[in-house]
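The file input18.cif contains mmCIF, C-alpha atoms:
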```
data_coords
#
loop_
_atom_site.label_atom_id
_atom_site.label_comp_id
_atom_site.auth_asym_id
_atom_site.auth_seq_id
_atom_site.Cartn_x
_atom_site.Cartn_y
_atom_site.Cartn_z
CA MET A 15 116.35 105.52 96.68
CA SER A 16 119.31 106.34 94.45
CA LYS A 17 119.89 109.53 92.53
CA GLY A 18 118.74 107.82 89.36
CA TYR A 19 115.41 109.19 88.17
CA GLY A 20 112.83 107.31 86.16
CA THR A 21 112.04 108.85 82.84
CA THR A 22 110.65 108.39 79.36
CA ALA A 23 112.97 108.71 76.38
CA GLY A 24 111.82 110.37 73.18
CA ARG A 25 108.83 112.53 72.37
CA SER A 26 106.54 109.94 70.84
CA SER A 27 105.65 107.43 73.53
CA ARG A 28 102.34 105.64 73.05
CA ARG A 29 100.86 107.38 76.08
CA ARG A 30 101.87 110.76 74.68
CA VAL A 31 100.43 109.99 71.23
CA LEU A 32 97.11 109.01 72.80
CA ARG A 33 97.05 112.22 74.80
CA LEU A 34 97.82 114.32 71.74
CA ALA A 35 95.09 112.57 69.82
CA GLY A 36 92.66 113.29 72.62
CA GLY A 37 93.88 116.84 72.70
CA GLY A 38 93.00 117.31 69.05
CA ILE A 39 89.42 116.28 69.80
CA ALA A 40 89.31 118.64 72.75
CA LEU A 41 90.64 121.54 70.70
CA ALA A 42 88.08 120.92 67.99
CA ALA A 43 85.34 121.09 70.60
CA LEU A 44 86.69 124.28 72.12
CA GLY A 45 86.95 126.04 68.79
CA ALA A 46 89.69 128.13 67.24
CA GLY A 47 88.88 131.22 69.27
CA ALA A 48 89.42 129.47 72.58
CA THR A 49 92.72 127.93 71.56
CA GLY A 50 94.13 131.19 70.36
CA CYS A 51 93.68 133.00 73.69
CA GLN A 52 96.34 133.40 76.36
CA ASP A 53 95.93 135.20 79.68
CA GLU A 54 98.44 137.71 80.91
CA ASP A 55 100.91 136.75 83.64
CA VAL A 56 99.53 137.09 87.13
CA THR A 57 101.55 137.40 90.33
CA GLY A 58 99.67 136.79 93.54
CA GLY A 59 96.30 137.25 91.84
CA PRO A 60 93.28 134.96 91.47
CA ALA A 61 94.46 132.91 88.50
CA GLY A 62 92.65 129.71 89.35
CA GLY A 63 89.68 128.06 90.95
CA GLY A 64 89.18 125.01 93.05
CA THR A 65 86.81 122.23 93.84
CA PRO A 66 84.92 121.06 95.75
CA SER A 67 84.20 124.50 97.27
CA GLY A 68 86.60 127.03 95.76
CA GLY A 69 87.27 129.25 98.77
CA ALA A 70 89.14 132.40 99.53
CA SER A 71 92.83 132.90 98.94
CA PRO A 72 95.00 132.05 101.97
CA GLU A 73 96.73 135.03 103.50
CA ASP A 74 100.51 135.31 103.17
CA GLY A 75 100.77 131.91 101.50
CA LYS A 76 99.31 129.97 104.42
CA LYS A 77 97.86 126.54 103.85
CA PRO A 78 94.19 126.60 102.92
CA GLU A 79 91.58 124.93 105.07
CA ASP A 80 90.31 121.51 104.08
CA GLY A 81 87.75 121.81 101.29
CA ARG A 82 89.15 125.18 100.16
CA ALA A 83 91.50 125.13 97.21
CA PRO A 84 94.18 127.82 97.39
CA GLU A 85 94.61 130.68 95.00
CA PRO A 86 98.03 130.64 93.30
CA LEU A 87 100.87 132.59 94.85
CA TRP A 88 101.78 133.44 91.27
CA THR A 89 100.94 132.30 87.74
CA LYS A 90 103.14 132.63 84.66
CA SER A 91 102.74 131.91 80.96
CA THR A 92 105.59 129.68 79.81
CA SER A 93 107.10 128.21 76.67
CA ALA A 94 106.27 124.73 77.97
CA GLN A 95 105.78 122.01 75.35
CA THR A 96 104.97 118.91 77.36
CA TYR A 97 103.49 115.52 76.57
CA GLY A 98 102.33 114.42 80.00
CA ASP A 99 105.36 112.62 81.43
CA ASN A 100 106.40 113.22 85.03
CA ASP A 101 109.96 114.27 84.20
CA GLU A 102 108.96 117.32 82.13
CA LEU A 103 108.62 119.56 85.20
CA VAL A 104 111.28 119.86 87.92
CA ALA A 105 111.87 122.11 90.94
CA VAL A 106 115.50 122.36 92.08
CA ASP A 107 117.99 124.94 93.38
CA GLY A 108 115.29 127.56 93.94
CA VAL A 109 113.89 127.40 90.40
CA VAL A 110 111.14 125.53 88.60
CA ILE A 111 111.71 124.38 85.01
CA ALA A 112 109.26 123.02 82.44
CA SER A 113 110.32 121.29 79.23
CA GLY A 114 109.98 123.67 76.27
CA ASP A 115 111.75 125.90 73.78
CA PRO A 116 113.27 128.11 74.91
CA LEU A 117 113.92 126.23 78.11
CA ALA A 118 113.16 128.67 80.94
CA ALA A 119 113.71 128.58 84.69
CA PHE A 120 111.47 130.60 87.03
CA ASP A 121 112.23 131.70 90.57
CA GLY A 122 110.19 129.45 92.85
CA ALA A 123 109.34 132.24 95.27
CA THR A 124 108.46 135.06 92.88
CA GLY A 125 107.84 133.51 89.45
CA GLU A 126 110.40 135.82 87.85
CA GLU A 127 112.41 134.31 85.00
CA ARG A 128 115.95 133.47 86.15
CA TRP A 129 117.38 132.18 82.87
CA SER A 130 116.37 131.08 79.40
CA LEU A 131 118.10 128.70 77.01
CA PRO A 132 117.10 128.70 73.30
CA ASP A 133 117.51 125.24 71.73
CA GLY A 134 118.43 123.96 75.18
CA ALA A 135 116.28 120.84 75.09
CA VAL A 136 113.99 118.91 72.82
CA PRO A 137 110.42 119.90 73.80
CA GLY A 138 108.81 117.12 75.79
CA ALA A 139 112.16 115.46 76.48
CA PRO A 140 112.99 114.46 80.06
CA LEU A 141 114.70 116.86 82.44
CA LEU A 142 117.15 114.55 84.21
CA LEU A 143 118.73 115.56 87.52
CA GLY A 144 121.82 113.86 88.87
CA ASP A 145 124.59 114.96 91.23
CA GLY A 146 123.60 118.64 91.02
CA THR A 147 123.40 118.72 87.23
CA LEU A 148 120.49 119.03 84.81
CA TYR A 149 121.04 116.75 81.80
CA LEU A 150 119.30 117.47 78.51
CA GLU A 151 118.99 116.09 75.03
CA SER A 152 120.20 118.93 72.82
CA GLY A 153 117.48 120.95 71.17
CA LYS A 154 119.89 121.66 68.30
CA TYR A 155 119.54 118.02 67.18
CA ASP A 156 123.32 117.85 66.80
CA GLY A 157 123.75 114.45 68.47
CA SER A 158 124.92 115.84 71.80
CA VAL A 159 123.81 115.58 75.41
CA ALA A 160 124.56 118.52 77.72
CA GLY A 161 124.68 119.20 81.45
CA TYR A 162 123.78 122.51 83.15
CA VAL A 163 123.72 124.10 86.59
CA PRO A 164 119.95 124.20 87.31
CA GLY A 165 120.05 127.46 89.26
CA SER A 166 121.94 129.46 86.63
CA GLY A 167 121.59 127.62 83.31
CA LYS A 168 125.39 127.55 82.91
CA GLU A 169 126.65 124.68 80.77
CA THR A 170 129.16 122.45 82.56
CA TRP A 171 129.27 119.24 80.47
CA ARG A 172 128.67 118.00 76.94
CA SER A 173 129.09 114.63 75.28
CA ARG A 174 128.49 112.86 71.97
CA LEU A 175 128.01 109.16 71.43
CA GLY A 176 129.40 109.15 67.90
CA LYS A 177 128.55 110.01 64.28
CA GLU A 178 127.27 106.49 63.61
CA TYR A 179 124.40 107.08 66.03
CA ARG A 180 121.45 109.43 65.70
CA GLN A 181 120.39 111.75 68.52
CA PRO A 182 121.23 110.03 71.80
CA ARG A 183 118.33 110.39 74.21
CA PRO A 184 119.06 110.38 77.96
CA VAL A 185 116.91 107.89 79.87
CA ALA A 186 118.49 107.85 83.34
CA VAL A 187 121.37 109.29 85.34
CA ASP A 188 123.33 108.57 88.50
CA ALA A 189 126.36 110.17 90.15
CA GLN A 190 128.82 108.62 87.68
CA GLN A 191 127.06 108.13 84.36
CA VAL A 192 124.37 109.34 81.98
CA TYR A 193 122.51 106.53 80.23
CA VAL A 194 121.30 107.12 76.67
CA ILE A 195 119.52 105.27 73.87
CA ALA A 196 120.26 106.11 70.24
CA GLU A 197 119.43 104.83 66.76
CA ILE A 198 122.21 102.98 64.92
CA LEU A 199 122.56 104.51 61.46
CA GLU A 200 122.83 102.38 58.33
CA ALA A 201 124.82 103.42 55.26
CA ASP A 202 121.69 104.80 53.60
CA GLY A 203 120.76 106.88 56.66
CA SER A 204 118.02 104.53 57.81
CA SER A 205 117.91 102.79 61.17
CA HIS A 206 116.51 99.43 62.23
CA THR A 207 118.31 98.91 65.53
CA ASN A 208 119.33 100.96 68.53
CA VAL A 209 122.02 101.03 71.19
CA ILE A 210 121.98 101.68 74.93
CA ALA A 211 125.12 103.34 76.30
CA ALA A 212 126.65 104.96 79.35
CA LEU A 213 128.45 108.32 79.16
CA ASP A 214 130.89 109.28 81.92
CA SER A 215 129.40 112.31 83.68
CA GLY A 216 132.90 113.62 84.42
CA THR A 217 134.76 113.24 81.14
CA GLY A 218 131.88 112.74 78.70
CA LYS A 219 133.60 109.63 77.29
CA VAL A 220 131.62 106.51 76.39
CA ALA A 221 131.92 104.05 79.29
CA TRP A 222 130.13 101.22 77.46
CA LYS A 223 127.56 100.58 74.75
CA GLU A 224 125.40 97.56 73.98
CA GLN A 225 123.22 96.93 70.94
CA ARG A 226 119.64 96.14 71.87
CA ASP A 227 117.65 93.32 70.29
CA LEU A 228 116.23 93.73 66.81
CA GLY A 229 112.68 95.03 67.02
CA THR A 230 113.15 97.08 70.18
CA GLU A 231 112.31 100.76 70.00
CA GLN A 232 114.25 103.81 71.13
CA ASN A 233 111.07 105.72 72.01
CA GLY A 234 108.87 105.17 75.05
CA VAL A 235 111.61 103.78 77.30
CA HIS A 236 111.18 104.37 81.03
CA ALA A 237 114.36 103.92 83.06
CA ALA A 238 115.86 104.35 86.52
CA VAL A 239 119.10 103.51 88.31
CA GLN A 240 119.54 101.79 91.66
CA GLY A 241 123.11 101.11 92.70
CA ARG A 242 124.66 98.68 90.21
CA TYR A 243 121.40 98.18 88.29
CA LEU A 244 119.95 100.08 85.33
CA VAL A 245 116.28 99.17 84.97
CA TYR A 246 114.00 99.97 82.05
CA THR A 247 110.74 99.03 80.34
CA ASP A 248 109.67 99.52 76.73
CA PHE A 249 106.75 99.15 74.32
CA LYS A 250 107.73 95.58 73.47
CA LYS A 251 106.63 94.55 76.98
CA ASN A 252 110.17 94.03 78.22
CA LEU A 253 111.34 94.62 81.77
CA THR A 254 115.14 94.65 81.59
CA VAL A 255 117.96 95.05 84.10
CA ARG A 256 121.58 95.79 83.12
CA ASP A 257 124.80 96.14 85.08
CA THR A 258 125.71 99.84 85.27
CA ALA A 259 129.46 99.11 85.22
CA THR A 260 129.56 96.99 82.07
CA GLY A 261 126.18 97.25 80.33
CA ARG A 262 125.79 93.48 80.58
CA GLN A 263 122.18 92.34 80.69
CA VAL A 264 121.47 90.81 84.09
CA TRP A 265 117.95 89.60 83.24
CA THR A 266 114.87 90.45 81.23
CA HIS A 267 111.22 89.49 81.55
CA LYS A 268 108.37 89.56 79.08
CA THR A 269 105.51 91.23 80.89
CA THR A 270 101.86 90.95 80.00
CA LYS A 271 100.36 94.32 80.79
CA THR A 272 103.25 96.59 81.71
CA SER A 273 102.19 100.16 82.35
CA TYR A 274 103.41 102.66 79.77
CA GLY A 275 104.08 105.07 82.61
CA PRO A 276 106.84 105.07 85.22
CA PHE A 277 107.63 102.24 87.61
CA ALA A 278 109.21 102.53 91.08
CA ILE A 279 112.41 101.23 92.67
CA HIS A 280 112.82 100.55 96.39
CA GLN A 281 116.08 99.16 97.76
CA ASP A 282 116.47 95.77 96.01
CA LEU A 283 113.07 95.78 94.29
CA VAL A 284 111.54 97.12 91.08
CA ILE A 285 107.78 97.69 91.38
CA VAL A 286 105.74 97.50 88.17
CA PRO A 287 101.98 97.93 87.62
CA GLN A 288 100.53 95.34 85.25
CA GLY A 289 96.80 95.73 84.80
CA GLU A 290 95.00 94.45 87.90
CA ARG A 291 98.29 93.46 89.53
CA LEU A 292 101.08 95.49 91.12
CA GLN A 293 104.24 93.39 91.40
CA GLY A 294 107.57 93.70 93.16
CA PHE A 295 110.53 91.92 91.49
CA ALA A 296 114.03 91.36 92.88
CA LEU A 297 116.60 93.47 91.04
CA SER A 298 119.21 90.73 91.33
CA ASP A 299 117.37 87.96 89.48
CA GLY A 300 113.85 89.09 88.53
CA SER A 301 112.05 86.79 90.95
CA GLU A 302 108.65 87.99 92.17
CA LYS A 303 108.71 89.04 95.83
CA TRP A 304 105.15 90.28 96.29
CA SER A 305 101.97 91.06 94.41
CA VAL A 306 98.91 93.22 95.11
CA ARG A 307 95.68 92.82 93.19
CA ALA A 308 93.07 95.49 92.52
CA GLU A 309 89.39 94.77 91.99
CA LYS A 310 88.38 92.89 88.86
CA PHE A 311 88.41 94.99 85.66
CA THR A 312 90.37 97.68 87.54
CA VAL A 313 93.90 98.62 86.51
CA PHE A 314 96.68 100.29 88.45
CA ARG A 315 98.06 103.62 87.27
CA GLU A 316 101.63 104.92 87.72
CA PRO A 317 103.28 104.44 91.15
CA THR A 318 105.28 107.08 93.05
CA LEU A 319 107.64 106.27 95.94
CA LEU A 320 107.85 109.06 98.54
CA GLU A 321 109.51 108.74 101.95
CA ASP A 322 109.41 104.93 101.87
CA VAL A 323 105.70 104.76 101.03
CA LEU A 324 104.39 103.78 97.61
CA TYR A 325 101.37 105.79 96.45
CA ILE A 326 99.27 104.58 93.53
CA ALA A 327 95.72 105.04 92.25
CA ASP A 328 93.65 102.62 90.21
CA SER A 329 91.03 103.12 87.51
CA GLY A 330 88.29 102.40 90.06
CA ARG A 331 89.21 105.70 91.76
CA THR A 332 90.80 104.05 94.78
CA LEU A 333 93.99 105.55 96.19
CA TRP A 334 96.48 103.16 97.83
CA ALA A 335 99.41 103.62 100.21
CA ILE A 336 101.62 100.52 100.23
CA GLU A 337 104.79 99.38 102.01
CA PRO A 338 107.19 99.04 99.04
CA GLY A 339 109.32 96.33 100.63
CA THR A 340 106.46 93.94 101.37
CA GLY A 341 103.42 95.01 99.36
CA LYS A 342 101.49 95.38 102.61
CA GLU A 343 98.65 97.90 102.50
CA VAL A 344 99.13 100.98 104.71
CA TRP A 345 95.74 102.46 103.86
CA ARG A 346 93.20 102.49 101.07
CA SER A 347 91.00 105.50 100.33
CA THR A 348 87.78 105.84 98.32
CA ALA A 349 87.74 109.64 98.65
CA LEU A 350 88.19 110.09 94.89
CA LYS A 351 85.25 107.83 94.15
CA ASP A 352 83.10 109.57 96.77
CA ALA A 353 83.86 112.96 95.22
CA SER A 354 83.57 111.69 91.59
CA ALA A 355 87.08 113.10 91.13
CA GLN A 356 89.63 112.25 88.47
CA VAL A 357 92.39 109.72 89.23
CA PRO A 358 95.91 111.16 89.77
CA ARG A 359 98.92 109.63 88.04
CA GLN A 360 101.79 111.60 89.61
CA PHE A 361 102.43 112.51 93.25
CA VAL A 362 104.60 114.76 95.42
CA LYS A 363 104.55 115.11 99.20
CA VAL A 364 105.13 118.07 101.51
CA GLY A 365 104.80 117.50 105.23
CA GLY A 366 101.50 115.77 105.94
CA SER A 367 100.00 116.50 102.53
CA LEU A 368 100.11 114.38 99.40
CA TYR A 369 99.51 116.14 96.07
CA GLY A 370 98.40 114.31 92.92
CA ALA A 371 98.25 115.51 89.30
CA THR A 372 95.58 114.19 86.92
CA ASP A 373 94.93 114.06 83.20
CA LEU A 374 92.42 116.38 81.51
CA ASP A 375 89.08 116.33 83.33
CA LYS A 376 86.68 118.86 84.83
CA GLN A 377 86.96 116.95 88.11
CA GLY A 378 90.75 116.83 87.91
CA GLY A 379 93.70 119.15 88.39
CA ILE A 380 95.87 119.02 91.49
CA HIS A 381 94.36 117.03 94.36
CA ALA A 382 95.56 117.51 97.94
CA PHE A 383 95.19 114.51 100.26
CA ASP A 384 95.89 113.78 103.91
CA ALA A 385 99.02 111.64 103.59
CA LYS A 386 98.08 109.56 106.63
CA THR A 387 94.56 108.60 105.53
CA GLY A 388 94.08 109.49 101.85
CA ALA A 389 91.24 111.89 102.68
CA LEU A 390 90.70 114.43 99.89
CA ARG A 391 91.32 117.94 101.21
CA TRP A 392 90.83 120.05 98.10
CA THR A 393 91.31 120.18 94.33
CA PHE A 394 92.86 123.04 92.38
CA ASN A 395 91.79 123.52 88.77
CA ASP A 396 92.50 126.63 86.70
CA LYS A 397 89.29 126.02 84.68
CA SER A 398 91.13 126.80 81.45
CA GLY A 399 89.89 123.69 79.66
CA ASP A 400 93.39 123.10 78.30
CA TYR A 401 93.72 119.57 76.90
CA HIS A 402 97.18 118.93 78.39
CA SER A 403 97.70 116.70 81.40
CA TRP A 404 98.58 118.33 84.69
CA LEU A 405 102.12 118.03 86.02
CA VAL A 406 103.22 118.66 89.61
CA ALA A 407 106.55 119.33 91.36
CA THR A 408 107.62 120.79 94.70
CA ASP A 409 110.56 122.55 96.32
CA GLY A 410 109.33 121.65 99.80
CA LYS A 411 107.78 125.10 100.33
CA ARG A 412 105.50 125.42 97.34
CA VAL A 413 103.69 123.08 94.96
CA PHE A 414 104.11 123.88 91.27
CA ALA A 415 101.29 122.93 88.91
CA LEU A 416 101.80 123.04 85.15
CA HIS A 417 98.76 122.92 82.88
CA GLY A 418 99.51 123.52 79.22
CA LYS A 419 101.53 126.73 79.15
CA LYS A 420 100.32 128.01 82.53
CA LEU A 421 102.57 127.46 85.54
CA HIS A 422 101.00 128.01 88.96
CA ALA A 423 102.74 128.16 92.34
CA LEU A 424 100.50 126.96 95.19
CA PRO A 425 101.20 127.20 98.93
CA ALA A 426 102.20 123.81 100.33
#
```

Rewrite the structure of this file - the entire thing - as structure tokens.
Amino acid sequence: MSKGYGTTAGRSSRRRVLRLAGGGIALAALGAGATGCQDEDVTGGPAGGGTPSGGASPEDGKKPEDGRAPEPLWTKSTSAQTYGDNDELVAVDGVVIASGDPLAAFDGATGEERWSLPDGAVPGAPLLLGDGTLYLESGKYDGSVAGYVPGSGKETWRSRLGKEYRQPRPVAVDAQQVYVIAEILEADGSSHTNVIAALDSGTGKVAWKEQRDLGTEQNGVHAAVQGRYLVYTDFKKNLTVRDTATGRQVWTHKTTKTSYGPFAIHQDLVIVPQGERLQGFALSDGSEKWSVRAEKFTVFREPTLLEDVLYIADSGRTLWAIEPGTGKEVWRSTALKDASAQVPRQFVKVGGSLYGATDLDKQGGIHAFDAKTGALRWTFNDKSGDYHSWLVATDGKRVFALHGKKLHALPA
């Protein structure tokens, strides 16, 4: 897969709005006293619990036994302001970073703060990684996009699309360009259209810009780059591919039930969940190459491609491993259904373990699965009752779990 990372542009995607609405209900149920409390930072202490059996903390960060959720290696309170998208938590260059204000990076091994950047990013905006640089929409709302060294927070790049555009929002990045979407301003300060553009990641100059169709939205765009193709979906049920060199539209499809979450790209295919169907389309011309169907009245969630295997769960609590090039099933697991556990929507993999992050649910949190069979090994839940969705990232040694403003480091 290329260095382009799928992401959601803007802070007000439909999925985020629904989660925030649900969060308001949850907060009302918890009461004002519960929402006003924050625990102190804990390093190496028992800051969480696990299901199905809890279990003792592993010694010296060793992997827990099956059925025993680990205690965190450390837990920190953060400034995180997330909306449930996968690109709001990243682990890179020895640090872990969660979208928020100030934007803060924590040492992956110790949990100590390495750097902090006030007004560094718009809370909830994507944290885009490309060619060793962290790209951010400016939290100063000054119309700029900036690039930083992830390990130090040092600024190395900054660009502006132009005064006639409002707040360019990065949607994807590769080794040469940063791709942004921005509102086109009218004389009276209003906006009815938007533009998609490419900024040179070396010079910051505009490589190309193309006005999108009337009625398209600048929010809720998921995008990724694969070679010469920029691929994105939006709320208007469009699946669009553009040429990265010129911005020319290669093709676009109207989709019926496109997921509002991320899609996946594998070699010459874009893989999109659409209700009961998971489809692979050719990047070159949009032709369908394969299709997988879930059970009736069951819908696929967001897919994640890891080490040439596509992992995806469905609303019937079935977990799938699929060959991304062919759509052929590798395995199918009902472990989530058997345990009455919540469905994950984001995955990372370390060695032989697959880790999945869920939405708010007492039976959710961070699930650990056997990557070869889909068997459920354990579930970590901090039992805080926070209404935010869980997010997960890894540095290959540890698994980082963000829940609201609490960041936990788990042994991988």

Tell me which protein, DNA and RNA residues are within 9 Å of Val413 (chain A), counting all atoms listed in the file, leaving out same-chain ones fewer than 4 positions away, and put them as a PyMOL selection string.
chain A and resi 362+364+369+406-409+422-426

Counting all atoms listed in the file, which of A:Ser215, A:Ser398, A:Gln95, A:Gln190 gets nearest to Ala118 (chain A)?
A:Gln95

So that I can see what lies close to Val239 (chain A), please list as a VMD selection string the residues with an atom at most 12 Å from it, counting all atoms listed in the file and leaving out residues fewer than 2 positions away in the same chain.
chain A and resid 15 to 21 142 144 185 to 193 212 236 to 237 241 to 246 254 to 259 277 to 284 297

Take the residues from that selection and put them in a file with C-alpha atoms, as a PDB file, in the coordinates of the input.
```
ATOM      1  CA  MET A  15     116.350 105.520  96.680  1.00  0.00           C
ATOM      2  CA  SER A  16     119.310 106.340  94.450  1.00  0.00           C
ATOM      3  CA  LYS A  17     119.890 109.530  92.530  1.00  0.00           C
ATOM      4  CA  GLY A  18     118.740 107.820  89.360  1.00  0.00           C
ATOM      5  CA  TYR A  19     115.410 109.190  88.170  1.00  0.00           C
ATOM      6  CA  GLY A  20     112.830 107.310  86.160  1.00  0.00           C
ATOM      7  CA  THR A  21     112.040 108.850  82.840  1.00  0.00           C
ATOM      8  CA  LEU A 142     117.150 114.550  84.210  1.00  0.00           C
ATOM      9  CA  GLY A 144     121.820 113.860  88.870  1.00  0.00           C
ATOM     10  CA  VAL A 185     116.910 107.890  79.870  1.00  0.00           C
ATOM     11  CA  ALA A 186     118.490 107.850  83.340  1.00  0.00           C
ATOM     12  CA  VAL A 187     121.370 109.290  85.340  1.00  0.00           C
ATOM     13  CA  ASP A 188     123.330 108.570  88.500  1.00  0.00           C
ATOM     14  CA  ALA A 189     126.360 110.170  90.150  1.00  0.00           C
ATOM     15  CA  GLN A 190     128.820 108.620  87.680  1.00  0.00           C
ATOM     16  CA  GLN A 191     127.060 108.130  84.360  1.00  0.00           C
ATOM     17  CA  VAL A 192     124.370 109.340  81.980  1.00  0.00           C
ATOM     18  CA  TYR A 193     122.510 106.530  80.230  1.00  0.00           C
ATOM     19  CA  ALA A 212     126.650 104.960  79.350  1.00  0.00           C
ATOM     20  CA  HIS A 236     111.180 104.370  81.030  1.00  0.00           C
ATOM     21  CA  ALA A 237     114.360 103.920  83.060  1.00  0.00           C
ATOM     22  CA  GLY A 241     123.110 101.110  92.700  1.00  0.00           C
ATOM     23  CA  ARG A 242     124.660  98.680  90.210  1.00  0.00           C
ATOM     24  CA  TYR A 243     121.400  98.180  88.290  1.00  0.00           C
ATOM     25  CA  LEU A 244     119.950 100.080  85.330  1.00  0.00           C
ATOM     26  CA  VAL A 245     116.280  99.170  84.970  1.00  0.00           C
ATOM     27  CA  TYR A 246     114.000  99.970  82.050  1.00  0.00           C
ATOM     28  CA  THR A 254     115.140  94.650  81.590  1.00  0.00           C
ATOM     29  CA  VAL A 255     117.960  95.050  84.100  1.00  0.00           C
ATOM     30  CA  ARG A 256     121.580  95.790  83.120  1.00  0.00           C
ATOM     31  CA  ASP A 257     124.800  96.140  85.080  1.00  0.00           C
ATOM     32  CA  THR A 258     125.710  99.840  85.270  1.00  0.00           C
ATOM     33  CA  ALA A 259     129.460  99.110  85.220  1.00  0.00           C
ATOM     34  CA  PHE A 277     107.630 102.240  87.610  1.00  0.00           C
ATOM     35  CA  ALA A 278     109.210 102.530  91.080  1.00  0.00           C
ATOM     36  CA  ILE A 279     112.410 101.230  92.670  1.00  0.00           C
ATOM     37  CA  HIS A 280     112.820 100.550  96.390  1.00  0.00           C
ATOM     38  CA  GLN A 281     116.080  99.160  97.760  1.00  0.00           C
ATOM     39  CA  ASP A 282     116.470  95.770  96.010  1.00  0.00           C
ATOM     40  CA  LEU A 283     113.070  95.780  94.290  1.00  0.00           C
ATOM     41  CA  VAL A 284     111.540  97.120  91.080  1.00  0.00           C
ATOM     42  CA  LEU A 297     116.600  93.470  91.040  1.00  0.00           C
TER      43      LEU A 297
END
```

What separates CA of Asp227 (chain A) and CA of Lys303 (chain A) is a distance of 27.4 Å

May I ask for the distance between CA of Arg172 (chain A) and CA of Ser204 (chain A), given in Å to one decimal place?
25.7 Å

Given the PyMOL selection byres ((chain A and resi 119-134) around 6) and the file above, list the residues it selects as a PDB file with C-alpha atoms, in the frame of the given file.
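Dumped to expr02.pdb:
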```
ATOM      1  CA  GLY A 108     115.290 127.560  93.940  1.00  0.00           C
ATOM      2  CA  VAL A 109     113.890 127.400  90.400  1.00  0.00           C
ATOM      3  CA  VAL A 110     111.140 125.530  88.600  1.00  0.00           C
ATOM      4  CA  ILE A 111     111.710 124.380  85.010  1.00  0.00           C
ATOM      5  CA  PRO A 116     113.270 128.110  74.910  1.00  0.00           C
ATOM      6  CA  LEU A 117     113.920 126.230  78.110  1.00  0.00           C
ATOM      7  CA  ALA A 118     113.160 128.670  80.940  1.00  0.00           C
ATOM      8  CA  ALA A 135     116.280 120.840  75.090  1.00  0.00           C
ATOM      9  CA  SER A 152     120.200 118.930  72.820  1.00  0.00           C
ATOM     10  CA  GLY A 153     117.480 120.950  71.170  1.00  0.00           C
ATOM     11  CA  LYS A 154     119.890 121.660  68.300  1.00  0.00           C
TER      12      LYS A 154
END
```

Starting from the shown file, work through the PyMOL selection byres ((chain A and resi 195) around 12) and note down what comes out as JSON, numbers by chain.
{"A": [22, 23, 24, 151, 157, 159, 174, 175, 179, 180, 181, 182, 183, 184, 185, 186, 192, 193, 194, 196, 197, 198, 207, 208, 209, 210, 211, 212, 213, 222, 223, 224, 225, 226, 230, 231, 232, 233, 234, 235, 236, 237, 246, 248]}

Just the selected residues (C-alpha atoms), exported as a compact mmCIF listing (two decimals), in the frame of the given file, please.
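Result saved to part.txt:
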```
# COMPACT_ATOMS: atom_id res chain seq x y z
CA THR A 22 110.65 108.39 79.36
CA ALA A 23 112.97 108.71 76.38
CA GLY A 24 111.82 110.37 73.18
CA GLU A 151 118.99 116.09 75.03
CA GLY A 157 123.75 114.45 68.47
CA VAL A 159 123.81 115.58 75.41
CA ARG A 174 128.49 112.86 71.97
CA LEU A 175 128.01 109.16 71.43
CA TYR A 179 124.40 107.08 66.03
CA ARG A 180 121.45 109.43 65.70
CA GLN A 181 120.39 111.75 68.52
CA PRO A 182 121.23 110.03 71.80
CA ARG A 183 118.33 110.39 74.21
CA PRO A 184 119.06 110.38 77.96
CA VAL A 185 116.91 107.89 79.87
CA ALA A 186 118.49 107.85 83.34
CA VAL A 192 124.37 109.34 81.98
CA TYR A 193 122.51 106.53 80.23
CA VAL A 194 121.30 107.12 76.67
CA ALA A 196 120.26 106.11 70.24
CA GLU A 197 119.43 104.83 66.76
CA ILE A 198 122.21 102.98 64.92
CA THR A 207 118.31 98.91 65.53
CA ASN A 208 119.33 100.96 68.53
CA VAL A 209 122.02 101.03 71.19
CA ILE A 210 121.98 101.68 74.93
CA ALA A 211 125.12 103.34 76.30
CA ALA A 212 126.65 104.96 79.35
CA LEU A 213 128.45 108.32 79.16
CA TRP A 222 130.13 101.22 77.46
CA LYS A 223 127.56 100.58 74.75
CA GLU A 224 125.40 97.56 73.98
CA GLN A 225 123.22 96.93 70.94
CA ARG A 226 119.64 96.14 71.87
CA THR A 230 113.15 97.08 70.18
CA GLU A 231 112.31 100.76 70.00
CA GLN A 232 114.25 103.81 71.13
CA ASN A 233 111.07 105.72 72.01
CA GLY A 234 108.87 105.17 75.05
CA VAL A 235 111.61 103.78 77.30
CA HIS A 236 111.18 104.37 81.03
CA ALA A 237 114.36 103.92 83.06
CA TYR A 246 114.00 99.97 82.05
CA ASP A 248 109.67 99.52 76.73
```

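Pairwise distance (CA of Ala382 (chain A), CA of Asp328 (chain A)) equals 16.9 Å.
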
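Put simply, the PyMOL selection byres ((chain A and resi 349) around 10) on this file hits Arg331, Thr332, Leu333, Arg346, Ser347, Thr348, Leu350, Lys351, Asp352, Ala353, Ser354, Ala355, Phe383, Thr387, Gly388, Ala389, Leu390 and Arg391 of chain A.
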
Counting all atoms listed in the file, closest pick from A:Asp156, A:Glu85, A:Asp214, A:Glu102 relative to Gln360 (chain A) is A:Glu102

Among listed residues A:Ala105, A:Leu148, A:Ser329, A:Lys219, nearest Thr170 (chain A) (using only C-alpha atoms):
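Closest residue, counting only C-alpha atoms: A:Leu148.
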
Could you tell me which of A:Gly218, A:Leu199, A:Val104, A:Trp334 comes closest to Lys386 (chain A) if we count all atoms listed in the file?
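Answer, going by the shortest atom-to-atom distance: A:Trp334.
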